Amino acid sequence: MSKKDKEQTNENSTQNGWEEYRNAVIENKNKSQDDFEKYINLLASGGIIVSLTFLEKITAVVKIEYVIFYLVGLVLLVFTLITNLYSHHKSIEDSDLIIKEIDEEKYEDIFKNIERRNKPINLLNKTSIWSLIAGTILILTFVSINLFAMNENQKPSPSDNPRQNPKPLTEEKRGRANPTPPRTNPSSTPKK
């Protein structure tokens with residue numbers, strides 16, 4: 001095998017490696033797109049269900065406490081949704097740029113840009129995770145506080161206890177009663 005043939009074989013091998021890498025990037029892009037749509041549906045429907053449940057169950061309490069926990073928790077969950085979705089969008093854009101660089105055979109640019117491109121995606125992902133955790137903790141705290149308050153409001157008071165001595169019934173409640181006899185006793189001798 002001549003030197004030229006060896007170089008051609010090396011070049012083909014290198015080209016095949018880049019094609020495999022390109023295919024892996026395309027596969028990653030497709031997965032990100034799938035995840036993007038899946039997360040939109042899961043988070044949006046989950047948020048709606050959770051919100052409706054809270055509105056139905058917690059608002060039955062006479063006095064709702066610490067509403068700020070609930071509101072901040074919901075904002076954090078929405079922020080989680082937005083950052084997570086933007087992370088997937090950014091990944092898709094970066095994958096398109098990598099594919100373009102491979103097609104243009106700008107292999108060195110890929111190595112130069114890969115860390116710069118992945119840094120914001122990693123930051124967005126970490127932010128999503130922490131805002132999800134914080135939002136969940138705040139909403140669970142809100143629910144716990146209000147469930148305890150709801151239980152306190154439903155505890156029976158002593159006046160609700162059915163084992164207490166019954167109050168005397170009025171005439172309306174016990175049916176027809178005989179009239180009360182007079183206080184003076186009738187004479188023992190009958191009148192003639």
# chains A, B, ... in the order shown; residues from 1 in each chain; ligands from 1
call {"tool": "closest_atom_pairs", "arguments": {"of": "stretch 75-125 of chain A", "to": "stretch 67-70 of chain A", "cutoff": "12 Å", "atoms": "only C-alpha atoms", "output": "JSON lines"}}
result
{"residue": "A:Val75", "atom": "CA", "partner": "A:Tyr70", "partner_atom": "CA", "distance": 8.6}
{"residue": "A:Leu76", "atom": "CA", "partner": "A:Tyr70", "partner_atom": "CA", "distance": 9.9}
{"residue": "A:Leu77", "atom": "CA", "partner": "A:Tyr70", "partner_atom": "CA", "distance": 10.5}
call {"tool": "atom_distance", "arguments": {"atom1": "atom CA of A:Trp130", "atom2": "atom CA of A:Leu85"}}
result
14.9 Å
call {"tool": "atom_distance", "arguments": {"atom1": "atom CA of A:Arg22", "atom2": "atom CA of A:Tyr39"}}
result
25.4 Å
call {"tool": "closest_residue", "arguments": {"among": "A:Glu105, A:Glu56, A:Glu115, A:Asp35", "to": "A:Thr14", "atoms": "only C-alpha atoms"}}
result
A:Glu105
call {"tool": "residues_around", "arguments": {"residues": "stretch 90-96 of chain A", "least_positions_apart": "2", "cutoff": "8 Å", "atoms": "only C-alpha atoms", "output": "PyMOL selection string"}}
result
chain A and resi 25-26+28-29+32-33+86-88+98-100+117+121
call {"tool": "closest_residue", "arguments": {"among": "A:Tyr21, A:Phe79, A:Phe142, A:Tyr66", "to": "A:Glu101", "atoms": "only C-alpha atoms"}}
result
A:Tyr21
call {"tool": "atom_distance", "arguments": {"atom1": "atom CA of A:Gly73", "atom2": "atom CA of A:Thr136"}}
result
6.4 Å
call {"tool": "closest_residue", "arguments": {"among": "A:Asn151, A:Thr180, A:Thr80, A:Asn118", "to": "A:Ile133", "atoms": "only C-alpha atoms"}}
result
A:Thr80
call {"tool": "closest_residue", "arguments": {"among": "A:Ser128, A:Asn122, A:Ile110, A:Ala134", "to": "A:Thr83", "atoms": "only C-alpha atoms"}}
result
A:Ser128
call {"tool": "decode", "arguments": {"residues": "stretch 62-75 of chain A", "atoms": "all heavy atoms", "output": "mmCIF file, in the first residue's frame"}}
result
data_model
loop_
_atom_site.group_PDB
_atom_site.id
_atom_site.type_symbol
_atom_site.label_atom_id
_atom_site.label_comp_id
_atom_site.auth_asym_id
_atom_site.auth_seq_id
_atom_site.Cartn_x
_atom_site.Cartn_y
_atom_site.Cartn_z
ATOM 1 N N VAL A 62 -61.550 27.964 56.098
ATOM 2 C CA VAL A 62 -62.091 29.286 56.381
ATOM 3 C C VAL A 62 -61.029 30.361 56.181
ATOM 4 O O VAL A 62 -61.259 31.368 55.538
ATOM 5 C CB VAL A 62 -62.645 29.336 57.822
ATOM 6 C CG1 VAL A 62 -63.099 30.727 58.177
ATOM 7 C CG2 VAL A 62 -63.772 28.336 57.979
ATOM 8 N N LYS A 63 -59.844 30.122 56.702
ATOM 9 C CA LYS A 63 -58.775 31.106 56.590
ATOM 10 C C LYS A 63 -57.555 30.430 55.961
ATOM 11 O O LYS A 63 -56.990 29.502 56.528
ATOM 12 C CB LYS A 63 -58.415 31.643 57.968
ATOM 13 C CG LYS A 63 -57.315 32.665 57.937
ATOM 14 C CD LYS A 63 -56.949 33.112 59.329
ATOM 15 C CE LYS A 63 -55.743 34.027 59.268
ATOM 16 N NZ LYS A 63 -55.180 34.241 60.592
ATOM 17 N N ILE A 64 -57.159 30.891 54.798
ATOM 18 C CA ILE A 64 -55.976 30.344 54.132
ATOM 19 C C ILE A 64 -54.758 31.088 54.666
ATOM 20 O O ILE A 64 -54.739 32.318 54.703
ATOM 21 C CB ILE A 64 -56.075 30.493 52.604
ATOM 22 C CG1 ILE A 64 -57.273 29.727 52.084
ATOM 23 C CG2 ILE A 64 -54.800 30.019 51.935
ATOM 24 C CD1 ILE A 64 -57.524 29.913 50.612
ATOM 25 N N GLU A 65 -53.751 30.334 55.056
ATOM 26 C CA GLU A 65 -52.550 30.919 55.640
ATOM 27 C C GLU A 65 -51.362 30.775 54.696
ATOM 28 O O GLU A 65 -51.267 29.805 53.949
ATOM 29 C CB GLU A 65 -52.244 30.234 56.975
ATOM 30 C CG GLU A 65 -53.357 30.389 57.994
ATOM 31 C CD GLU A 65 -53.079 29.656 59.288
ATOM 32 O OE1 GLU A 65 -51.960 29.155 59.474
ATOM 33 O OE2 GLU A 65 -54.005 29.583 60.106
ATOM 34 N N TYR A 66 -50.476 31.755 54.736
ATOM 35 C CA TYR A 66 -49.214 31.740 54.003
ATOM 36 C C TYR A 66 -49.406 31.533 52.492
ATOM 37 O O TYR A 66 -48.762 30.685 51.880
ATOM 38 C CB TYR A 66 -48.260 30.686 54.565
ATOM 39 C CG TYR A 66 -47.922 30.923 56.015
ATOM 40 C CD1 TYR A 66 -48.555 30.206 57.024
ATOM 41 C CD2 TYR A 66 -46.980 31.874 56.376
ATOM 42 C CE1 TYR A 66 -48.260 30.427 58.349
ATOM 43 C CE2 TYR A 66 -46.674 32.107 57.703
ATOM 44 C CZ TYR A 66 -47.311 31.373 58.685
ATOM 45 O OH TYR A 66 -47.004 31.603 59.992
ATOM 46 N N VAL A 67 -50.286 32.300 51.916
ATOM 47 C CA VAL A 67 -50.548 32.221 50.475
ATOM 48 C C VAL A 67 -49.286 32.539 49.680
ATOM 49 O O VAL A 67 -49.102 32.032 48.566
ATOM 50 C CB VAL A 67 -51.702 33.184 50.082
ATOM 51 C CG1 VAL A 67 -51.932 33.195 48.589
ATOM 52 C CG2 VAL A 67 -52.965 32.790 50.813
ATOM 53 N N ILE A 68 -48.392 33.311 50.255
ATOM 54 C CA ILE A 68 -47.155 33.685 49.569
ATOM 55 C C ILE A 68 -46.340 32.445 49.208
ATOM 56 O O ILE A 68 -45.708 32.400 48.151
ATOM 57 C CB ILE A 68 -46.330 34.695 50.404
ATOM 58 C CG1 ILE A 68 -45.207 35.315 49.570
ATOM 59 C CG2 ILE A 68 -45.780 34.063 51.653
ATOM 60 C CD1 ILE A 68 -45.666 36.272 48.538
ATOM 61 N N PHE A 69 -46.359 31.421 50.075
ATOM 62 C CA PHE A 69 -45.642 30.182 49.754
ATOM 63 C C PHE A 69 -46.190 29.564 48.477
ATOM 64 O O PHE A 69 -45.447 29.095 47.621
ATOM 65 C CB PHE A 69 -45.755 29.161 50.892
ATOM 66 C CG PHE A 69 -44.930 29.467 52.112
ATOM 67 C CD1 PHE A 69 -45.157 28.778 53.288
ATOM 68 C CD2 PHE A 69 -43.933 30.420 52.097
ATOM 69 C CE1 PHE A 69 -44.399 29.034 54.412
ATOM 70 C CE2 PHE A 69 -43.175 30.692 53.213
ATOM 71 C CZ PHE A 69 -43.409 29.991 54.373
ATOM 72 N N TYR A 70 -47.505 29.554 48.370
ATOM 73 C CA TYR A 70 -48.159 28.968 47.198
ATOM 74 C C TYR A 70 -47.831 29.771 45.942
ATOM 75 O O TYR A 70 -47.465 29.213 44.910
ATOM 76 C CB TYR A 70 -49.669 28.909 47.434
ATOM 77 C CG TYR A 70 -50.435 28.321 46.283
ATOM 78 C CD1 TYR A 70 -50.292 26.985 45.942
ATOM 79 C CD2 TYR A 70 -51.308 29.096 45.537
ATOM 80 C CE1 TYR A 70 -50.996 26.437 44.889
ATOM 81 C CE2 TYR A 70 -52.019 28.555 44.488
ATOM 82 C CZ TYR A 70 -51.862 27.231 44.168
ATOM 83 O OH TYR A 70 -52.554 26.694 43.124
ATOM 84 N N LEU A 71 -47.939 31.096 46.037
ATOM 85 C CA LEU A 71 -47.691 31.939 44.866
ATOM 86 C C LEU A 71 -46.245 31.860 44.396
ATOM 87 O O LEU A 71 -45.979 31.706 43.195
ATOM 88 C CB LEU A 71 -48.085 33.386 45.165
ATOM 89 C CG LEU A 71 -49.575 33.618 45.431
ATOM 90 C CD1 LEU A 71 -49.824 35.061 45.843
ATOM 91 C CD2 LEU A 71 -50.405 33.238 44.229
ATOM 92 N N VAL A 72 -45.308 31.938 45.328
ATOM 93 C CA VAL A 72 -43.889 31.845 44.954
ATOM 94 C C VAL A 72 -43.581 30.450 44.417
ATOM 95 O O VAL A 72 -42.842 30.299 43.440
ATOM 96 C CB VAL A 72 -42.971 32.208 46.150
ATOM 97 C CG1 VAL A 72 -41.507 31.940 45.831
ATOM 98 C CG2 VAL A 72 -43.166 33.673 46.533
ATOM 99 N N GLY A 73 -44.173 29.427 45.019
ATOM 100 C CA GLY A 73 -43.982 28.067 44.526
ATOM 101 C C GLY A 73 -44.476 27.906 43.096
ATOM 102 O O GLY A 73 -43.809 27.294 42.254
ATOM 103 N N LEU A 74 -45.652 28.473 42.802
ATOM 104 C CA LEU A 74 -46.174 28.407 41.427
ATOM 105 C C LEU A 74 -45.278 29.165 40.456
ATOM 106 O O LEU A 74 -45.016 28.699 39.344
ATOM 107 C CB LEU A 74 -47.592 28.966 41.369
ATOM 108 C CG LEU A 74 -48.696 28.046 41.855
ATOM 109 C CD1 LEU A 74 -50.047 28.740 41.740
ATOM 110 C CD2 LEU A 74 -48.722 26.746 41.099
ATOM 111 N N VAL A 75 -44.790 30.333 40.868
ATOM 112 C CA VAL A 75 -43.882 31.104 40.005
ATOM 113 C C VAL A 75 -42.617 30.299 39.726
ATOM 114 O O VAL A 75 -42.134 30.259 38.587
ATOM 115 C CB VAL A 75 -43.550 32.476 40.643
ATOM 116 C CG1 VAL A 75 -42.394 33.159 39.937
ATOM 117 C CG2 VAL A 75 -44.787 33.376 40.629
#
